[in-house]
2 protein chains.
Amino acid sequence: MRLSRSLFSTLRDRPSGAHPPGQAALLRAGMIQELAPATHAFGPLALRVLGRVEGFLRAELASLSPGEVSAPLLLPAGEVHDGISTDPIELRDRRGTALRLDRTASPALLAYLDGQVDSYRQLPTRALSVGRRPRDPGAGARTRIGALESAVLEVLCADLDEGAALETRRALGAAVRATAATCGLGVVGAEDLEGIERFLAPTTAGETVVAVSSDRSYAATRACARADLTPSPADERIPMRRVETPGARSIEQLRRYLPDVPPPRMLKTMLYRTDAGDVVAALVRGDREIDAGKLRRHLDAEEIALADPLTITQVTGAEPGFAGPVGLPEQVRVVADLSVADLTGFACGANETDVHLADVWFERDLPLPEVADIDAIRPGDPAPGGGEIELLAAIDVGAVSPRGPLGVEHVTERGELQRAHISTLSVDLTRFLLALAEQHVSERGLRWPLPVAPYPVEVIQVRGDDPDQADLATALVAELAAIDIDVLWDDRDARAGVKFNDAELVGIPIRVVVGRGAAEGRVEVRWPDDDREGAVVHAAEVAPRISERVSRGS
Amino acid sequence: MRLSRSLFSTLRDRPSGAHPPGQAALLRAGMIQELAPATHAFGPLALRVLGRVEGFLRAELASLSPGEVSAPLLLPAGEVHDGISTDPIELRDRRGTALRLDRTASPALLAYLDGQVDSYRQLPTRALSVGRRPRDPGAGARTRIGALESAVLEVLCADLDEGAALETRRALGAAVRATAATCGLGVVGAEDLEGIERFLAPTTAGETVVAVSSDRSYAATRACARADLTPSPADERIPMRRVETPGARSIEQLRRYLPDVPPPRMLKTMLYRTDAGDVVAALVRGDREIDAGKLRRHLDAEEIALADPLTITQVTGAEPGFAGPVGLPEQVRVVADLSVADLTGFACGANETDVHLADVWFERDLPLPEVADIDAIRPGDPAPGGGEIELLAAIDVGAVSPRGPLGVEHVTERGELQRAHISTLSVDLTRFLLALAEQHVSERGLRWPLPVAPYPVEVIQVRGDDPDQADLATALVAELAAIDIDVLWDDRDARAGVKFNDAELVGIPIRVVVGRGAAEGRVEVRWPDDDREGAVVHAAEVAPRISERVSRGS
């Protein structure tokens, strides 16, 4: 690519608006251009990065032999597999026909496999599709680029049974991990609700929070992350007793009255009201907090809020601060965190102002309530498997989802009709690129890892009009082309300062400067791990050494 | 591609519904699958054809050095270049933001170049984009596949002036012609309204009508095609006279009263009424008909209809059949066909029942009216440049459009601010494939030209479980792969009849049958120009001969 003949322009200044550093660098390097609010075009250099990521991913998926399908963007409303559709955009064409624009190719791919498969002999089978899809603007609020739509590679897999589907999902996950590793993108695979494995690239620009253990052996999205809450059991089984606790409205205050009971054996009881008007008592350990999001999802409620003092008093018969699970009215639904079920001989509010109960045992003093994961994860919590929990912001770059038996009806070996077990992979190539940029950016510009760089090599011809420089650069570019190494060749008729500055912004990993030494066949080379200075070498050495670095990938 | 491991299934019967032969064959060969009404997925084999067409087109466009841009599908409503937008679909995302889904990438590409270019030094420049776009369902009514959306390759070019833009459009047109020639698609380039050059692939399945001369030197869409209407001038300039013509309401009847006036010198006057309520008198030669579409577009009216008898009588003061341009009320707009302007000493209605005028001359007896192209083209008409006009149905596969100065403001060499001259290319890859299928289909199935075939070679291993056949097929496929020739390898555990039938449906040009002779190293080869029988050859000869045919491209 000769810059003198290419669509190439960088921004002189930082882009306006608040952008995370990687996005600002992409805009400034001219790789991405804002066309309208939250609407971006990806230029030739960015497309090359997307193409490389897609190429590595396809190579990793090759062992699954996916058949590529061109899936339609627009489907007639309601015609195809709503089971796998996610909140499509509804629209009408000029003739008034109701259409839908799905956020995923899955409904179309499922319908495609439905039409292709009728016998167990055809399974397993996988359909792959790449295309632009609208995103949920809510999910991308902080990632403004790509908030409206993304280029997405999707694979829909149909397997004979859940065991085979599990193997397929392992292979899909392995393909994403391997691709990220090749591309130099740090990702953690974190389990989300419903068993979805989400691939999250940690960066402060991320919109998703992931909990990981120090050694990364544990990772889960905040929505389903759990600390390892080892119970501290009571020593002896003594009868439940009533304790006067004037003014003890918090765990801290309660400790003054019950110095022998550790906070993990105190019960925190919080009353919530749902949008449906129900009152729910949520129980966590005294040293923990409730994750209102987890509770809301468990209740399958649109919204929940802490109950107001009046409601608390009406329900418990006590002032706020003295609620507890013993003796609550029957219409109050009680939900305890998983860790609460392990408690023995615990303390809790007595539903009586200035009174608590101590040495309470489930089953003996009250039935074990409904149990769910409602504990809020916190940095520093003990992680399952050891180490401490860290909470990281991350960009969601992909997901492997189990879908269960869903369509693709076929005749089994025994002649019965059954549905295939479906799994899907979705990799958001646009966000993958954004995450790469966030993870590989410096003060001066982008720093692409060699395997995904738009070009592995940039040749800066310092003077566009110098014949010696032009001859040497031409020869070098041809020599590299002959060994399949593409070069970004800055042969523009521009000042050297402009060229070096643009090179810093774009961040091609290997830089060859063809300048004053050109007449003597000398050039300056900067390798990916060099900081600023380049080494002067003879032009004849350049191509073999670059070839070696490109093969090595760093 | 080993069929035993691939997404591949053909239909046992003809697809239901009325389809043109090529589309029926694509559906039957399983290359395209209907997911919902007018909504189709393209499977792996069809995608390979699309990929080949796109590859050839990109190669032809390479000399223009287009920069590839990933253009967004969705733009905020009204934000970007409405000047080049064509009837976008309007929609709202979940948050209620008004968006538009354009039928072309041009608005996004224009906005992109707008952001990239600020100096004349950066021109010419071109942006290329490939993606799915919604089509106008009206235009694709007969081509049901691809009616809703298509894969489209677009190039938007910005030039310094109209002269350079014209050169660019010639290069774009040449690229389409060369691609079609390489792919084996017959196309005619036909000028349409507003100077757009449309590329039309003749096939009975087409939804566009194109007028071509016998030697194809002339081609135009019906909307702007004109016959070569040589005038037959009157011998002498005698005064206009009134002729009693009782009952002569048609040209045929008028000939009885004016046997010396040939019909090309008689004037046919038809009264129309527009949706705006205006009355228009349209004039064509007596031997010709009015093209109501041309007239409507010239009038820029939504709708026009022939005036009813009452209106005719009110306007002309005569019974229908005696209208003429002389002495019409002033509020009647008179539009004459281009050929009418050449008439001398002609006959026309007198606006008086049972009376005509003869020896009428423009300028002498009435002013020359407004002149436009409103003559209807007919098969057999003399074509401009010689030969006869044929009217062919054709599929519209692409267009090169002049857009004039439109955006991409830049500073000229003289320091002035001006807009670039924009031209666009749009090639509908989906319809290109459909047209290929229509032009290359037989009773038995598709017959792909070698350069665009999904695979150049199919190896039919007659018995999936025969070790000799499997060994020979494996060796042959490997030998071909080593010289970059991809093979569709039917190694399925299926009956020979099924395999041969599927091969006929899919229509891979070169077929190698590995059957009984495998143990002796003998195979049967059918070349693209063979009809049914294959020649028995030794396996060692196969790869070199195939290589030669693939290089030759036929």
# chains A, B, ... in the order shown; residues from 1 in each chain; ligands from 1

call {"tool": "interface_residues", "arguments": {"of": "chain B", "to": "chain A", "cutoff": "8 Å", "atoms": "only C-alpha atoms", "output": "JSON list (two decimals) with N, CA, C and O atoms, in the first residue's frame"}}
result
[["chain", "number", "residue", "atom", "x", "y", "z"],
["B", 5, "ARG", "N", -18.50, -34.72, 4.77],
["B", 5, "ARG", "CA", -18.31, -33.90, 5.99],
["B", 5, "ARG", "C", -18.86, -32.50, 5.82],
["B", 5, "ARG", "O", -18.48, -31.59, 6.55],
["B", 6, "SER", "N", -19.72, -32.30, 4.84],
["B", 6, "SER", "CA", -20.11, -30.93, 4.50],
["B", 6, "SER", "C", -21.60, -30.72, 4.64],
["B", 6, "SER", "O", -22.38, -31.67, 4.65],
["B", 7, "LEU", "N", -21.94, -29.46, 4.75],
["B", 7, "LEU", "CA", -23.32, -29.03, 4.66],
["B", 7, "LEU", "C", -23.72, -29.14, 3.19],
["B", 7, "LEU", "O", -23.40, -28.29, 2.38],
["B", 8, "PHE", "N", -24.38, -30.21, 2.80],
["B", 8, "PHE", "CA", -24.75, -30.38, 1.41],
["B", 8, "PHE", "C", -26.01, -31.20, 1.34],
["B", 8, "PHE", "O", -26.06, -32.32, 1.86],
["B", 9, "SER", "N", -27.06, -30.64, 0.74],
["B", 9, "SER", "CA", -28.21, -31.49, 0.47],
["B", 9, "SER", "C", -29.00, -30.89, -0.68],
["B", 9, "SER", "O", -29.14, -29.68, -0.79],
["B", 33, "GLN", "N", -31.35, -21.70, -0.27],
["B", 33, "GLN", "CA", -32.47, -22.29, 0.46],
["B", 33, "GLN", "C", -33.43, -21.19, 0.87],
["B", 33, "GLN", "O", -33.02, -20.13, 1.34],
["B", 35, "LEU", "N", -35.78, -19.55, 3.32],
["B", 35, "LEU", "CA", -36.01, -19.59, 4.77],
["B", 35, "LEU", "C", -37.41, -19.10, 5.10],
["B", 35, "LEU", "O", -38.01, -19.50, 6.10],
["B", 36, "ALA", "N", -37.90, -18.20, 4.27],
["B", 36, "ALA", "CA", -39.21, -17.58, 4.47],
["B", 36, "ALA", "C", -39.56, -16.95, 3.13],
["B", 36, "ALA", "O", -38.70, -16.86, 2.25],
["B", 37, "PRO", "N", -40.79, -16.50, 2.93],
["B", 37, "PRO", "CA", -41.14, -15.93, 1.64],
["B", 37, "PRO", "C", -40.16, -14.82, 1.21],
["B", 37, "PRO", "O", -39.88, -13.91, 1.99],
["B", 39, "THR", "N", -37.13, -14.73, 1.13],
["B", 39, "THR", "CA", -35.96, -14.64, 2.01],
["B", 39, "THR", "C", -35.13, -15.91, 1.87],
["B", 39, "THR", "O", -35.62, -17.00, 2.16],
["B", 40, "HIS", "N", -33.91, -15.76, 1.42],
["B", 40, "HIS", "CA", -33.09, -16.91, 1.09],
["B", 40, "HIS", "C", -31.74, -16.84, 1.75],
["B", 40, "HIS", "O", -31.17, -15.77, 1.92],
["B", 41, "ALA", "N", -31.24, -18.03, 2.11],
["B", 41, "ALA", "CA", -29.85, -18.13, 2.57],
["B", 41, "ALA", "C", -29.06, -18.75, 1.44],
["B", 41, "ALA", "O", -29.56, -19.63, 0.74],
["B", 42, "PHE", "N", -27.85, -18.27, 1.25],
["B", 42, "PHE", "CA", -26.96, -18.81, 0.24],
["B", 42, "PHE", "C", -25.99, -19.74, 0.94],
["B", 42, "PHE", "O", -25.32, -19.34, 1.89],
["B", 43, "GLY", "N", -25.94, -20.99, 0.48],
["B", 43, "GLY", "CA", -25.09, -21.99, 1.12],
["B", 43, "GLY", "C", -23.65, -21.91, 0.62],
["B", 43, "GLY", "O", -23.30, -21.05, -0.19],
["B", 44, "PRO", "N", -22.80, -22.83, 1.14],
["B", 44, "PRO", "CA", -21.37, -22.78, 0.84],
["B", 44, "PRO", "C", -21.04, -22.75, -0.66],
["B", 44, "PRO", "O", -20.15, -22.00, -1.08],
["B", 47, "LEU", "N", -21.90, -19.38, -2.11],
["B", 47, "LEU", "CA", -20.96, -18.36, -1.61],
["B", 47, "LEU", "C", -19.64, -18.40, -2.36],
["B", 47, "LEU", "O", -18.99, -17.38, -2.56],
["B", 65, "SER", "N", -7.19, 1.65, -7.59],
["B", 65, "SER", "CA", -6.72, 1.68, -6.20],
["B", 65, "SER", "C", -7.80, 2.08, -5.21],
["B", 65, "SER", "O", -7.61, 3.00, -4.41],
["B", 66, "PRO", "N", -8.95, 1.42, -5.21],
["B", 66, "PRO", "CA", -9.97, 1.82, -4.23],
["B", 66, "PRO", "C", -9.55, 1.42, -2.82],
["B", 66, "PRO", "O", -8.94, 0.38, -2.63],
["B", 67, "GLY", "N", -9.85, 2.26, -1.86],
["B", 67, "GLY", "CA", -9.60, 1.92, -0.46],
["B", 67, "GLY", "C", -10.85, 1.27, 0.09],
["B", 67, "GLY", "O", -11.96, 1.81, -0.05],
["B", 68, "GLU", "N", -10.69, 0.12, 0.75],
["B", 68, "GLU", "CA", -11.88, -0.56, 1.23],
["B", 68, "GLU", "C", -12.34, 0.03, 2.56],
["B", 68, "GLU", "O", -11.54, 0.27, 3.46],
["B", 69, "VAL", "N", -13.62, 0.25, 2.64],
["B", 69, "VAL", "CA", -14.22, 0.86, 3.81],
["B", 69, "VAL", "C", -15.36, -0.04, 4.28],
["B", 69, "VAL", "O", -16.12, -0.54, 3.47],
["B", 70, "SER", "N", -15.43, -0.25, 5.58],
["B", 70, "SER", "CA", -16.57, -0.97, 6.13],
["B", 70, "SER", "C", -17.62, 0.07, 6.49],
["B", 70, "SER", "O", -17.47, 0.81, 7.45],
["B", 71, "ALA", "N", -18.62, 0.16, 5.65],
["B", 71, "ALA", "CA", -19.64, 1.20, 5.81],
["B", 71, "ALA", "C", -20.74, 0.70, 6.74],
["B", 71, "ALA", "O", -21.18, -0.43, 6.61],
["B", 72, "PRO", "N", -21.19, 1.54, 7.66],
["B", 72, "PRO", "CA", -22.27, 1.09, 8.54],
["B", 72, "PRO", "C", -23.56, 0.87, 7.77],
["B", 72, "PRO", "O", -23.82, 1.54, 6.77],
["B", 73, "LEU", "N", -24.32, -0.09, 8.24],
["B", 73, "LEU", "CA", -25.65, -0.36, 7.68],
["B", 73, "LEU", "C", -26.63, 0.69, 8.14],
["B", 73, "LEU", "O", -27.47, 1.18, 7.40],
["B", 74, "LEU", "N", -26.55, 0.99, 9.44],
["B", 74, "LEU", "CA", -27.53, 1.88, 10.07],
["B", 74, "LEU", "C", -26.90, 3.24, 10.28],
["B", 74, "LEU", "O", -25.80, 3.35, 10.82],
["B", 75, "LEU", "N", -27.59, 4.26, 9.86],
["B", 75, "LEU", "CA", -27.15, 5.63, 10.10],
["B", 75, "LEU", "C", -28.25, 6.34, 10.88],
["B", 75, "LEU", "O", -29.43, 6.01, 10.73],
["B", 76, "PRO", "N", -27.87, 7.32, 11.72],
["B", 76, "PRO", "CA", -28.92, 8.10, 12.36],
["B", 76, "PRO", "C", -29.74, 8.79, 11.27],
["B", 76, "PRO", "O", -29.18, 9.27, 10.28],
["B", 79, "GLU", "N", -28.83, 12.27, 9.24],
["B", 79, "GLU", "CA", -27.54, 12.84, 9.61],
["B", 79, "GLU", "C", -26.59, 12.95, 8.43],
["B", 79, "GLU", "O", -25.74, 13.80, 8.39],
["B", 80, "VAL", "N", -26.69, 12.00, 7.50],
["B", 80, "VAL", "CA", -25.64, 11.87, 6.49],
["B", 80, "VAL", "C", -26.20, 12.00, 5.07],
["B", 80, "VAL", "O", -27.13, 11.28, 4.70],
["B", 89, "ILE", "N", -34.95, 2.70, 4.39],
["B", 89, "ILE", "CA", -35.96, 2.17, 5.29],
["B", 89, "ILE", "C", -35.77, 2.87, 6.64],
["B", 89, "ILE", "O", -34.65, 2.94, 7.15],
["B", 90, "GLU", "N", -36.85, 3.37, 7.19],
["B", 90, "GLU", "CA", -36.74, 4.06, 8.48],
["B", 90, "GLU", "C", -37.08, 3.11, 9.61],
["B", 90, "GLU", "O", -37.98, 2.29, 9.49],
["B", 91, "LEU", "N", -36.35, 3.21, 10.70],
["B", 91, "LEU", "CA", -36.61, 2.33, 11.83],
["B", 91, "LEU", "C", -36.16, 3.01, 13.11],
["B", 91, "LEU", "O", -35.54, 4.07, 13.08],
["B", 92, "ARG", "N", -36.47, 2.39, 14.21],
["B", 92, "ARG", "CA", -36.09, 2.92, 15.52],
["B", 92, "ARG", "C", -35.42, 1.82, 16.31],
["B", 92, "ARG", "O", -35.87, 0.69, 16.31],
["B", 93, "ASP", "N", -34.33, 2.18, 17.01],
["B", 93, "ASP", "CA", -33.74, 1.16, 17.88],
["B", 93, "ASP", "C", -34.52, 1.12, 19.18],
["B", 93, "ASP", "O", -35.50, 1.84, 19.38],
["B", 94, "ARG", "N", -34.07, 0.25, 20.07],
["B", 94, "ARG", "CA", -34.81, 0.01, 21.31],
["B", 94, "ARG", "C", -35.01, 1.27, 22.14],
["B", 94, "ARG", "O", -35.99, 1.42, 22.85],
["B", 95, "ARG", "N", -34.04, 2.20, 22.06],
["B", 95, "ARG", "CA", -34.15, 3.43, 22.83],
["B", 95, "ARG", "C", -34.94, 4.50, 22.11],
["B", 95, "ARG", "O", -34.94, 5.65, 22.53],
["B", 108, "ALA", "N", -22.83, 6.63, 3.17],
["B", 108, "ALA", "CA", -21.76, 6.42, 4.14],
["B", 108, "ALA", "C", -20.40, 6.63, 3.48],
["B", 108, "ALA", "O", -19.50, 7.25, 4.06],
["B", 111, "ALA", "N", -19.79, 10.31, 2.98],
["B", 111, "ALA", "CA", -19.44, 10.93, 4.26],
["B", 111, "ALA", "C", -18.01, 10.57, 4.64],
["B", 111, "ALA", "O", -17.27, 11.40, 5.18],
["B", 112, "TYR", "N", -17.62, 9.35, 4.35],
["B", 112, "TYR", "CA", -16.25, 8.92, 4.66],
["B", 112, "TYR", "C", -15.24, 9.76, 3.88],
["B", 112, "TYR", "O", -14.30, 10.31, 4.45],
["B", 115, "GLY", "N", -14.77, 13.20, 5.08],
["B", 115, "GLY", "CA", -13.91, 13.34, 6.25],
["B", 115, "GLY", "C", -12.43, 13.16, 5.91],
["B", 115, "GLY", "O", -11.56, 13.60, 6.66],
["B", 116, "GLN", "N", -12.13, 12.45, 4.82],
["B", 116, "GLN", "CA", -10.75, 12.13, 4.49],
["B", 116, "GLN", "C", -10.07, 13.22, 3.65],
["B", 116, "GLN", "O", -8.88, 13.42, 3.75],
["B", 117, "VAL", "N", -10.85, 13.86, 2.79],
["B", 117, "VAL", "CA", -10.26, 14.72, 1.77],
["B", 117, "VAL", "C", -10.40, 16.18, 2.16],
["B", 117, "VAL", "O", -11.49, 16.63, 2.51],
["B", 125, "THR", "N", -9.81, 9.95, -5.62],
["B", 125, "THR", "CA", -9.80, 8.89, -4.62],
["B", 125, "THR", "C", -11.08, 8.09, -4.74],
["B", 125, "THR", "O", -12.09, 8.61, -5.23],
["B", 126, "ARG", "N", -11.02, 6.84, -4.30],
["B", 126, "ARG", "CA", -12.18, 5.97, -4.45],
["B", 126, "ARG", "C", -12.34, 5.11, -3.19],
["B", 126, "ARG", "O", -11.35, 4.60, -2.68],
["B", 127, "ALA", "N", -13.55, 4.93, -2.74],
["B", 127, "ALA", "CA", -13.83, 4.08, -1.58],
["B", 127, "ALA", "C", -14.71, 2.92, -2.04],
["B", 127, "ALA", "O", -15.67, 3.11, -2.77],
["B", 131, "GLY", "N", -21.27, -5.34, 0.98],
["B", 131, "GLY", "CA", -22.15, -5.70, 2.09],
["B", 131, "GLY", "C", -23.54, -6.03, 1.60],
["B", 131, "GLY", "O", -23.85, -5.90, 0.42],
["B", 132, "ARG", "N", -24.36, -6.47, 2.52],
["B", 132, "ARG", "CA", -25.76, -6.76, 2.19],
["B", 132, "ARG", "C", -26.55, -5.48, 2.27],
["B", 132, "ARG", "O", -26.36, -4.69, 3.19],
["B", 134, "PRO", "N", -30.69, -3.82, 1.63],
["B", 134, "PRO", "CA", -32.07, -4.12, 1.25],
["B", 134, "PRO", "C", -32.32, -3.63, -0.17],
["B", 134, "PRO", "O", -31.79, -2.60, -0.57],
["B", 136, "ASP", "N", -35.20, -2.80, -3.38],
["B", 136, "ASP", "CA", -36.57, -2.34, -3.53],
["B", 136, "ASP", "C", -37.40, -3.53, -3.97],
["B", 136, "ASP", "O", -37.20, -4.05, -5.05],
["B", 137, "PRO", "N", -38.33, -4.00, -3.13],
["B", 137, "PRO", "CA", -39.07, -5.21, -3.50],
["B", 137, "PRO", "C", -39.81, -5.04, -4.82],
["B", 137, "PRO", "O", -40.05, -6.00, -5.52],
["B", 148, "LEU", "N", -35.58, -9.16, -1.62],
["B", 148, "LEU", "CA", -35.59, -8.41, -0.37],
["B", 148, "LEU", "C", -34.24, -7.75, -0.09],
["B", 148, "LEU", "O", -34.17, -6.63, 0.39],
["B", 149, "GLU", "N", -33.16, -8.46, -0.37],
["B", 149, "GLU", "CA", -31.85, -7.89, -0.15],
["B", 149, "GLU", "C", -30.82, -8.60, -1.00],
["B", 149, "GLU", "O", -31.06, -9.71, -1.49]]

call {"tool": "select_by_dssp", "arguments": {"residues": "stretch 196-356 of chain A", "states": "strand (DSSP E or B)", "output": "PyMOL selection string"}}
result
chain A and resi 197-202+208-213+219-221+241-244+266-274+279-285+290+304-306+333-337+346-352+355-356

call {"tool": "residues_around", "arguments": {"residues": "B:Gly184", "least_positions_apart": "3", "cutoff": "12 Å", "atoms": "only C-alpha atoms", "output": "MDAnalysis selection string"}}
result
chainID B and resid 53 56 177:181 187 201 432:433 435:440 447:453 553:554

call {"tool": "closest_residue", "arguments": {"among": "B:Asp359, B:Asp465, B:Asp396, B:Glu388", "to": "B:Pro233", "atoms": "only C-alpha atoms"}}
result
B:Asp359

call {"tool": "select_by_dssp", "arguments": {"residues": "stretch 312-444 of chain B", "states": "helix (DSSP H, G or I)", "output": "PyMOL selection string"}}
result
chain B and resi 312-316+338-342+429-439

call {"tool": "residues_around", "arguments": {"residues": "B:Arg265", "least_positions_apart": "5", "cutoff": "7 Å", "atoms": "only C-alpha atoms", "output": "PyMOL selection string"}}
result
chain B and resi 285-286+343+346-347

call {"tool": "closest_residue", "arguments": {"among": "A:Ala175, A:Leu3, A:Leu156, A:Ala301", "to": "A:Val459", "atoms": "only C-alpha atoms"}}
result
A:Leu3

call {"tool": "residues_around", "arguments": {"residues": "B:Glu479", "least_positions_apart": "2", "cutoff": "12 Å", "atoms": "only C-alpha atoms", "output": "ChimeraX atom specification"}}
result
/B:472-477,481-487,539-544,546-547

call {"tool": "write_last_selection", "arguments": {"atoms": "N, CA and C atoms", "output": "PDB file, in the first residue's frame"}}
result
ATOM      1  N   LEU B 472      -7.383 -43.889  -4.611  1.00  0.00           N
ATOM      2  CA  LEU B 472      -7.143 -43.156  -5.853  1.00  0.00           C
ATOM      3  C   LEU B 472      -7.717 -41.743  -5.770  1.00  0.00           C
ATOM      4  N   ALA B 473      -8.939 -41.634  -5.210  1.00  0.00           N
ATOM      5  CA  ALA B 473      -9.574 -40.317  -5.082  1.00  0.00           C
ATOM      6  C   ALA B 473      -8.739 -39.429  -4.162  1.00  0.00           C
ATOM      7  N   THR B 474      -8.282 -39.986  -3.049  1.00  0.00           N
ATOM      8  CA  THR B 474      -7.465 -39.218  -2.104  1.00  0.00           C
ATOM      9  C   THR B 474      -6.211 -38.686  -2.802  1.00  0.00           C
ATOM     10  N   ALA B 475      -5.552 -39.558  -3.554  1.00  0.00           N
ATOM     11  CA  ALA B 475      -4.319 -39.170  -4.241  1.00  0.00           C
ATOM     12  C   ALA B 475      -4.599 -38.067  -5.269  1.00  0.00           C
ATOM     13  N   LEU B 476      -5.696 -38.235  -6.007  1.00  0.00           N
ATOM     14  CA  LEU B 476      -6.048 -37.281  -7.058  1.00  0.00           C
ATOM     15  C   LEU B 476      -6.374 -35.907  -6.458  1.00  0.00           C
ATOM     16  N   VAL B 477      -7.165 -35.924  -5.378  1.00  0.00           N
ATOM     17  CA  VAL B 477      -7.548 -34.670  -4.723  1.00  0.00           C
ATOM     18  C   VAL B 477      -6.299 -33.972  -4.190  1.00  0.00           C
ATOM     19  N   ALA B 481      -4.879 -30.425  -5.274  1.00  0.00           N
ATOM     20  CA  ALA B 481      -4.714 -29.400  -4.240  1.00  0.00           C
ATOM     21  C   ALA B 481      -3.313 -28.808  -4.313  1.00  0.00           C
ATOM     22  N   ALA B 482      -2.335 -29.659  -4.635  1.00  0.00           N
ATOM     23  CA  ALA B 482      -0.944 -29.200  -4.682  1.00  0.00           C
ATOM     24  C   ALA B 482      -0.747 -28.159  -5.790  1.00  0.00           C
ATOM     25  N   ILE B 483      -1.596 -28.209  -6.828  1.00  0.00           N
ATOM     26  CA  ILE B 483      -1.488 -27.171  -7.862  1.00  0.00           C
ATOM     27  C   ILE B 483      -2.651 -26.180  -7.740  1.00  0.00           C
ATOM     28  N   ASP B 484      -3.143 -26.020  -6.497  1.00  0.00           N
ATOM     29  CA  ASP B 484      -4.152 -24.995  -6.174  1.00  0.00           C
ATOM     30  C   ASP B 484      -5.478 -25.186  -6.892  1.00  0.00           C
ATOM     31  N   ILE B 485      -5.828 -26.412  -7.158  1.00  0.00           N
ATOM     32  CA  ILE B 485      -7.140 -26.660  -7.760  1.00  0.00           C
ATOM     33  C   ILE B 485      -8.023 -27.337  -6.707  1.00  0.00           C
ATOM     34  N   ASP B 486      -9.078 -26.609  -6.321  1.00  0.00           N
ATOM     35  CA  ASP B 486      -9.990 -27.113  -5.298  1.00  0.00           C
ATOM     36  C   ASP B 486     -10.936 -28.138  -5.914  1.00  0.00           C
ATOM     37  N   VAL B 487     -11.265 -29.135  -5.145  1.00  0.00           N
ATOM     38  CA  VAL B 487     -12.103 -30.222  -5.649  1.00  0.00           C
ATOM     39  C   VAL B 487     -13.324 -30.417  -4.755  1.00  0.00           C
ATOM     40  N   ALA B 539      -5.122 -42.197 -14.439  1.00  0.00           N
ATOM     41  CA  ALA B 539      -5.172 -41.186 -13.378  1.00  0.00           C
ATOM     42  C   ALA B 539      -4.001 -40.213 -13.450  1.00  0.00           C
ATOM     43  N   ALA B 540      -2.849 -40.684 -13.911  1.00  0.00           N
ATOM     44  CA  ALA B 540      -1.662 -39.826 -13.960  1.00  0.00           C
ATOM     45  C   ALA B 540      -1.839 -38.660 -14.932  1.00  0.00           C
ATOM     46  N   GLU B 541      -2.689 -38.862 -15.942  1.00  0.00           N
ATOM     47  CA  GLU B 541      -2.873 -37.797 -16.939  1.00  0.00           C
ATOM     48  C   GLU B 541      -3.833 -36.709 -16.448  1.00  0.00           C
ATOM     49  N   VAL B 542      -4.620 -37.047 -15.437  1.00  0.00           N
ATOM     50  CA  VAL B 542      -5.750 -36.195 -15.088  1.00  0.00           C
ATOM     51  C   VAL B 542      -5.323 -34.797 -14.641  1.00  0.00           C
ATOM     52  N   ALA B 543      -4.449 -34.733 -13.631  1.00  0.00           N
ATOM     53  CA  ALA B 543      -4.098 -33.423 -13.058  1.00  0.00           C
ATOM     54  C   ALA B 543      -3.488 -32.473 -14.093  1.00  0.00           C
ATOM     55  N   PRO B 544      -2.509 -32.915 -14.891  1.00  0.00           N
ATOM     56  CA  PRO B 544      -1.952 -31.967 -15.876  1.00  0.00           C
ATOM     57  C   PRO B 544      -3.005 -31.457 -16.856  1.00  0.00           C
ATOM     58  N   ILE B 546      -6.272 -31.250 -16.381  1.00  0.00           N
ATOM     59  CA  ILE B 546      -7.211 -30.347 -15.689  1.00  0.00           C
ATOM     60  C   ILE B 546      -6.553 -28.982 -15.501  1.00  0.00           C
ATOM     61  N   SER B 547      -5.291 -29.002 -15.106  1.00  0.00           N
ATOM     62  CA  SER B 547      -4.571 -27.747 -14.893  1.00  0.00           C
ATOM     63  C   SER B 547      -4.612 -26.890 -16.152  1.00  0.00           C
TER      64      SER B 547
END

call {"tool": "atom_distance", "arguments": {"atom1": "atom CA of B:Val335", "atom2": "atom CA of B:Ala282"}}
result
4.9 Å

call {"tool": "atom_distance", "arguments": {"atom1": "atom CA of A:Val155", "atom2": "atom CA of A:Val176"}}
result
11.8 Å

call {"tool": "residues_around", "arguments": {"residues": "A:Leu446", "least_positions_apart": "4", "cutoff": "8 Å", "atoms": "only C-alpha atoms", "output": "ChimeraX atom specification"}}
result
/A:22,25-26,437,440-442,504-507

call {"tool": "residues_around", "arguments": {"residues": "A:Pro367", "least_positions_apart": "3", "cutoff": "12 Å", "atoms": "only C-alpha atoms", "output": "ChimeraX atom specification"}}
result
/A:325-328,334-336,341,360-364,370-371
